[in-house]
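Listing of upload_20.pdb; format and content: PDB, N, CA and C atoms, pLDDT in the B column.
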ATOM      1  N   MET A   1      20.783   9.666 -13.609  1.00 66.00           N
ATOM      2  CA  MET A   1      19.466  10.076 -14.039  1.00 66.00           C
ATOM      3  C   MET A   1      18.403   9.192 -13.391  1.00 66.00           C
ATOM      4  N   VAL A   2      17.322   9.784 -13.069  1.00 66.00           N
ATOM      5  CA  VAL A   2      16.210   9.057 -12.474  1.00 66.00           C
ATOM      6  C   VAL A   2      15.325   8.511 -13.592  1.00 66.00           C
ATOM      7  N   LYS A   3      15.085   7.224 -13.533  1.00 79.00           N
ATOM      8  CA  LYS A   3      14.208   6.618 -14.538  1.00 79.00           C
ATOM      9  C   LYS A   3      12.756   6.951 -14.225  1.00 79.00           C
ATOM     10  N   ILE A   4      11.982   7.041 -15.269  1.00 82.00           N
ATOM     11  CA  ILE A   4      10.566   7.395 -15.127  1.00 82.00           C
ATOM     12  C   ILE A   4       9.811   6.326 -14.338  1.00 82.00           C
ATOM     13  N   GLN A   5      10.254   5.063 -14.425  1.00 81.00           N
ATOM     14  CA  GLN A   5       9.558   4.004 -13.699  1.00 81.00           C
ATOM     15  C   GLN A   5       9.689   4.183 -12.193  1.00 81.00           C
ATOM     16  N   TYR A   6      10.809   4.740 -11.728  1.00 82.00           N
ATOM     17  CA  TYR A   6      10.978   4.971 -10.301  1.00 82.00           C
ATOM     18  C   TYR A   6      10.053   6.080  -9.810  1.00 82.00           C
ATOM     19  N   ILE A   7       9.840   7.082 -10.648  1.00 84.00           N
ATOM     20  CA  ILE A   7       8.912   8.155 -10.281  1.00 84.00           C
ATOM     21  C   ILE A   7       7.501   7.598 -10.144  1.00 84.00           C
ATOM     22  N   PHE A   8       7.091   6.764 -11.106  1.00 85.00           N
ATOM     23  CA  PHE A   8       5.768   6.154 -11.025  1.00 85.00           C
ATOM     24  C   PHE A   8       5.674   5.193  -9.839  1.00 85.00           C
ATOM     25  N   TYR A   9       6.767   4.531  -9.521  1.00 85.00           N
ATOM     26  CA  TYR A   9       6.782   3.616  -8.382  1.00 85.00           C
ATOM     27  C   TYR A   9       6.533   4.393  -7.080  1.00 85.00           C
ATOM     28  N   VAL A  10       7.188   5.538  -6.930  1.00 85.00           N
ATOM     29  CA  VAL A  10       7.014   6.364  -5.733  1.00 85.00           C
ATOM     30  C   VAL A  10       5.590   6.907  -5.668  1.00 85.00           C
ATOM     31  N   ILE A  11       5.063   7.360  -6.804  1.00 90.00           N
ATOM     32  CA  ILE A  11       3.685   7.848  -6.833  1.00 90.00           C
ATOM     33  C   ILE A  11       2.714   6.732  -6.458  1.00 90.00           C
ATOM     34  N   GLY A  12       2.962   5.530  -6.946  1.00 87.00           N
ATOM     35  CA  GLY A  12       2.124   4.389  -6.600  1.00 87.00           C
ATOM     36  C   GLY A  12       2.155   4.072  -5.118  1.00 87.00           C
ATOM     37  N   ILE A  13       3.322   4.162  -4.506  1.00 88.00           N
ATOM     38  CA  ILE A  13       3.447   3.913  -3.072  1.00 88.00           C
ATOM     39  C   ILE A  13       2.672   4.965  -2.278  1.00 88.00           C
ATOM     40  N   ILE A  14       2.744   6.208  -2.714  1.00 91.00           N
ATOM     41  CA  ILE A  14       2.007   7.270  -2.028  1.00 91.00           C
ATOM     42  C   ILE A  14       0.501   7.020  -2.119  1.00 91.00           C
ATOM     43  N   PHE A  15       0.026   6.665  -3.316  1.00 91.00           N
ATOM     44  CA  PHE A  15      -1.392   6.350  -3.461  1.00 91.00           C
ATOM     45  C   PHE A  15      -1.771   5.108  -2.665  1.00 91.00           C
ATOM     46  N   LEU A  16      -0.863   4.164  -2.561  1.00 86.00           N
ATOM     47  CA  LEU A  16      -1.121   2.963  -1.770  1.00 86.00           C
ATOM     48  C   LEU A  16      -1.379   3.315  -0.310  1.00 86.00           C
ATOM     49  N   PHE A  17      -0.512   4.128   0.252  1.00 87.00           N
ATOM     50  CA  PHE A  17      -0.684   4.523   1.648  1.00 87.00           C
ATOM     51  C   PHE A  17      -1.969   5.317   1.845  1.00 87.00           C
ATOM     52  N   SER A  18      -2.278   6.204   0.925  1.00 90.00           N
ATOM     53  CA  SER A  18      -3.498   6.990   1.083  1.00 90.00           C
ATOM     54  C   SER A  18      -4.746   6.118   0.943  1.00 90.00           C
ATOM     55  N   THR A  19      -4.721   5.145   0.034  1.00 88.00           N
ATOM     56  CA  THR A  19      -5.856   4.249  -0.144  1.00 88.00           C
ATOM     57  C   THR A  19      -6.072   3.378   1.085  1.00 88.00           C
ATOM     58  N   ILE A  20      -5.007   2.825   1.596  1.00 81.00           N
ATOM     59  CA  ILE A  20      -5.117   1.976   2.780  1.00 81.00           C
ATOM     60  C   ILE A  20      -5.593   2.791   3.977  1.00 81.00           C
ATOM     61  N   SER A  21      -5.091   3.995   4.117  1.00 83.00           N
ATOM     62  CA  SER A  21      -5.519   4.846   5.226  1.00 83.00           C
ATOM     63  C   SER A  21      -6.999   5.198   5.117  1.00 83.00           C
ATOM     64  N   TYR A  22      -7.437   5.548   3.920  1.00 86.00           N
ATOM     65  CA  TYR A  22      -8.845   5.880   3.713  1.00 86.00           C
ATOM     66  C   TYR A  22      -9.740   4.676   3.991  1.00 86.00           C
ATOM     67  N   PHE A  23      -9.337   3.510   3.486  1.00 79.00           N
ATOM     68  CA  PHE A  23     -10.115   2.293   3.715  1.00 79.00           C
ATOM     69  C   PHE A  23     -10.217   1.992   5.206  1.00 79.00           C
ATOM     70  N   ALA A  24      -9.106   2.078   5.899  1.00 71.00           N
ATOM     71  CA  ALA A  24      -9.108   1.784   7.326  1.00 71.00           C
ATOM     72  C   ALA A  24      -9.978   2.779   8.098  1.00 71.00           C
ATOM     73  N   TYR A  25      -9.967   4.020   7.668  1.00 77.00           N
ATOM     74  CA  TYR A  25     -10.746   5.029   8.389  1.00 77.00           C
ATOM     75  C   TYR A  25     -12.240   4.911   8.102  1.00 77.00           C
ATOM     76  N   GLN A  26     -12.617   4.759   6.853  1.00 80.00           N
ATOM     77  CA  GLN A  26     -14.027   4.795   6.468  1.00 80.00           C
ATOM     78  C   GLN A  26     -14.767   3.482   6.725  1.00 80.00           C
ATOM     79  N   TYR A  27     -14.227   2.398   6.255  1.00 76.00           N
ATOM     80  CA  TYR A  27     -14.984   1.149   6.238  1.00 76.00           C
ATOM     81  C   TYR A  27     -14.745   0.258   7.450  1.00 76.00           C
ATOM     82  N   LEU A  28     -13.701   0.519   8.167  1.00 71.00           N
ATOM     83  CA  LEU A  28     -13.417  -0.288   9.350  1.00 71.00           C
ATOM     84  C   LEU A  28     -13.597   0.522  10.627  1.00 71.00           C
ATOM     85  N   PHE A  29     -14.387   1.559  10.553  1.00 76.00           N
ATOM     86  CA  PHE A  29     -14.551   2.489  11.667  1.00 76.00           C
ATOM     87  C   PHE A  29     -15.123   1.810  12.899  1.00 76.00           C
ATOM     88  N   ASP A  30     -15.958   0.807  12.720  1.00 77.00           N
ATOM     89  CA  ASP A  30     -16.607   0.155  13.852  1.00 77.00           C
ATOM     90  C   ASP A  30     -15.731  -0.872  14.563  1.00 77.00           C
ATOM     91  N   LEU A  31     -14.651  -1.272  13.944  1.00 79.00           N
ATOM     92  CA  LEU A  31     -13.774  -2.263  14.564  1.00 79.00           C
ATOM     93  C   LEU A  31     -12.878  -1.611  15.611  1.00 79.00           C
ATOM     94  N   SER A  32     -12.297  -2.442  16.452  1.00 83.00           N
ATOM     95  CA  SER A  32     -11.394  -1.909  17.465  1.00 83.00           C
ATOM     96  C   SER A  32     -10.094  -1.441  16.813  1.00 83.00           C
ATOM     97  N   ASP A  33      -9.351  -0.632  17.534  1.00 82.00           N
ATOM     98  CA  ASP A  33      -8.104  -0.077  16.994  1.00 82.00           C
ATOM     99  C   ASP A  33      -7.063  -1.152  16.720  1.00 82.00           C
ATOM    100  N   ILE A  34      -7.028  -2.178  17.531  1.00 88.00           N
ATOM    101  CA  ILE A  34      -6.059  -3.261  17.331  1.00 88.00           C
ATOM    102  C   ILE A  34      -6.334  -3.979  16.018  1.00 88.00           C
ATOM    103  N   VAL A  35      -7.576  -4.302  15.758  1.00 84.00           N
ATOM    104  CA  VAL A  35      -7.950  -5.006  14.528  1.00 84.00           C
ATOM    105  C   VAL A  35      -7.658  -4.138  13.316  1.00 84.00           C
ATOM    106  N   LYS A  36      -7.973  -2.855  13.399  1.00 78.00           N
ATOM    107  CA  LYS A  36      -7.692  -1.942  12.290  1.00 78.00           C
ATOM    108  C   LYS A  36      -6.195  -1.864  12.004  1.00 78.00           C
ATOM    109  N   THR A  37      -5.394  -1.813  13.041  1.00 85.00           N
ATOM    110  CA  THR A  37      -3.945  -1.743  12.862  1.00 85.00           C
ATOM    111  C   THR A  37      -3.408  -3.012  12.234  1.00 85.00           C
ATOM    112  N   ILE A  38      -3.889  -4.157  12.665  1.00 89.00           N
ATOM    113  CA  ILE A  38      -3.434  -5.431  12.103  1.00 89.00           C
ATOM    114  C   ILE A  38      -3.808  -5.532  10.625  1.00 89.00           C
ATOM    115  N   ILE A  39      -5.025  -5.166  10.286  1.00 83.00           N
ATOM    116  CA  ILE A  39      -5.454  -5.203   8.883  1.00 83.00           C
ATOM    117  C   ILE A  39      -4.640  -4.230   8.043  1.00 83.00           C
ATOM    118  N   LEU A  40      -4.366  -3.054   8.564  1.00 82.00           N
ATOM    119  CA  LEU A  40      -3.579  -2.054   7.848  1.00 82.00           C
ATOM    120  C   LEU A  40      -2.161  -2.541   7.585  1.00 82.00           C
ATOM    121  N   VAL A  41      -1.530  -3.117   8.585  1.00 91.00           N
ATOM    122  CA  VAL A  41      -0.166  -3.616   8.421  1.00 91.00           C
ATOM    123  C   VAL A  41      -0.126  -4.780   7.440  1.00 91.00           C
ATOM    124  N   CYS A  42      -1.063  -5.697   7.556  1.00 91.00           N
ATOM    125  CA  CYS A  42      -1.104  -6.844   6.638  1.00 91.00           C
ATOM    126  C   CYS A  42      -1.331  -6.399   5.199  1.00 91.00           C
ATOM    127  N   SER A  43      -2.224  -5.458   4.988  1.00 86.00           N
ATOM    128  CA  SER A  43      -2.482  -4.951   3.642  1.00 86.00           C
ATOM    129  C   SER A  43      -1.249  -4.275   3.059  1.00 86.00           C
ATOM    130  N   THR A  44      -0.569  -3.502   3.864  1.00 88.00           N
ATOM    131  CA  THR A  44       0.628  -2.813   3.398  1.00 88.00           C
ATOM    132  C   THR A  44       1.716  -3.810   3.022  1.00 88.00           C
ATOM    133  N   VAL A  45       1.926  -4.821   3.841  1.00 93.00           N
ATOM    134  CA  VAL A  45       2.942  -5.831   3.549  1.00 93.00           C
ATOM    135  C   VAL A  45       2.597  -6.586   2.268  1.00 93.00           C
ATOM    136  N   ILE A  46       1.355  -6.944   2.098  1.00 91.00           N
ATOM    137  CA  ILE A  46       0.936  -7.660   0.888  1.00 91.00           C
ATOM    138  C   ILE A  46       1.167  -6.810  -0.351  1.00 91.00           C
ATOM    139  N   PHE A  47       0.780  -5.526  -0.286  1.00 87.00           N
ATOM    140  CA  PHE A  47       0.989  -4.648  -1.437  1.00 87.00           C
ATOM    141  C   PHE A  47       2.468  -4.461  -1.755  1.00 87.00           C
ATOM    142  N   PHE A  48       3.317  -4.391  -0.739  1.00 89.00           N
ATOM    143  CA  PHE A  48       4.752  -4.258  -0.999  1.00 89.00           C
ATOM    144  C   PHE A  48       5.315  -5.512  -1.661  1.00 89.00           C
ATOM    145  N   PHE A  49       4.872  -6.692  -1.226  1.00 91.00           N
ATOM    146  CA  PHE A  49       5.332  -7.919  -1.870  1.00 91.00           C
ATOM    147  C   PHE A  49       4.864  -8.002  -3.320  1.00 91.00           C
ATOM    148  N   ILE A  50       3.643  -7.587  -3.565  1.00 88.00           N
ATOM    149  CA  ILE A  50       3.141  -7.585  -4.941  1.00 88.00           C
ATOM    150  C   ILE A  50       3.929  -6.602  -5.797  1.00 88.00           C
ATOM    151  N   ALA A  51       4.193  -5.416  -5.263  1.00 85.00           N
ATOM    152  CA  ALA A  51       4.956  -4.412  -6.009  1.00 85.00           C
ATOM    153  C   ALA A  51       6.376  -4.889  -6.286  1.00 85.00           C
ATOM    154  N   GLU A  52       6.994  -5.529  -5.321  1.00 88.00           N
ATOM    155  CA  GLU A  52       8.353  -6.045  -5.509  1.00 88.00           C
ATOM    156  C   GLU A  52       8.366  -7.157  -6.547  1.00 88.00           C
ATOM    157  N   PHE A  53       7.379  -8.024  -6.500  1.00 86.00           N
ATOM    158  CA  PHE A  53       7.265  -9.097  -7.481  1.00 86.00           C
ATOM    159  C   PHE A  53       7.097  -8.527  -8.890  1.00 86.00           C
ATOM    160  N   MET A  54       6.239  -7.515  -9.012  1.00 82.00           N
ATOM    161  CA  MET A  54       6.019  -6.918 -10.316  1.00 82.00           C
ATOM    162  C   MET A  54       7.258  -6.159 -10.812  1.00 82.00           C
ATOM    163  N   ALA A  55       7.993  -5.550  -9.914  1.00 83.00           N
ATOM    164  CA  ALA A  55       9.211  -4.835 -10.311  1.00 83.00           C
ATOM    165  C   ALA A  55      10.282  -5.801 -10.797  1.00 83.00           C
ATOM    166  N   GLU A  56      10.379  -6.964 -10.161  1.00 86.00           N
ATOM    167  CA  GLU A  56      11.350  -7.962 -10.601  1.00 86.00           C
ATOM    168  C   GLU A  56      11.021  -8.519 -11.960  1.00 86.00           C
ATOM    169  N   ARG A  57       9.749  -8.643 -12.253  1.00 82.00           N
ATOM    170  CA  ARG A  57       9.299  -9.213 -13.538  1.00 82.00           C
ATOM    171  C   ARG A  57       9.124  -8.151 -14.625  1.00 82.00           C
ATOM    172  N   ASP A  58       9.377  -6.873 -14.293  1.00 77.00           N
ATOM    173  CA  ASP A  58       9.201  -5.750 -15.229  1.00 77.00           C
ATOM    174  C   ASP A  58       7.780  -5.674 -15.763  1.00 77.00           C
ATOM    175  N   ILE A  59       6.837  -5.842 -14.874  1.00 68.00           N
ATOM    176  CA  ILE A  59       5.418  -5.775 -15.254  1.00 68.00           C
ATOM    177  C   ILE A  59       4.954  -4.342 -15.116  1.00 68.00           C
TER     178      ILE A  59
END
Would you mind writing the file's structure down as structure tokens?
Amino acid sequence: MVKIQYIFYVIGIIFLFSTISYFAYQYLFDLSDIVKTIILVCSTVIFFFIAEFMAERDI
């Protein structure tokens, strides 16, 4: 059986990607593509570490 927390976790990841994509497109439009890509990757990695930390602690 699939636990409800895993469903919410997947939904959160989907919203995470959409939020980061929107932020990179709208607010960083004037920066070069390299800088936007670096910021996007760093933000994604940070959010994954936070999510993993929270999952381990059952937060």
Could you check how far atom C of Ile7 (chain A) sits from CA of Tyr27 (chain A), in Å to one decimal?
->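 Rounded to one decimal, the two atoms are 28.6 Å apart.
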In Å to one decimal, how far is CA of Gln26 (chain A) from atom C of Phe49 (chain A)?
-> 24.8 Å
Report, as lines of an AutoDock Vina configuration file, the axis-aligned box around all atoms of region 39-47 of chain A present in the file, extended by 5 Å on each side; give centre and edge lengths in Å to one decimal place.
center_x = -1.3
center_y = -4.9
center_z = 4.3
size_x = 18.4
size_y = 15.6
size_z = 22.0
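Every residue that the PyMOL selection byres (((chain A and resi 18-25 and name CA) around 9) and name CA) selects in this file is listed here: Ile13, Ile14, Phe15, Leu16, Phe17, Gln26, Tyr27, Leu28, Phe29, Lys36, Thr37, Ile39, Leu40, Ser43 and Thr44 of chain A.
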Expressed in Å to a single decimal, how great is the separation between atom N of Leu31 (chain A) and atom C of Val45 (chain A)?
->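 About the pair atom N of Leu31 (chain A) and atom C of Val45 (chain A): they are 21.5 Å apart.
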Those of chain A in DSSP helix (DSSP H, G or I), formatted as an MDAnalysis selection string = chainID A and resid 4:26 33:56
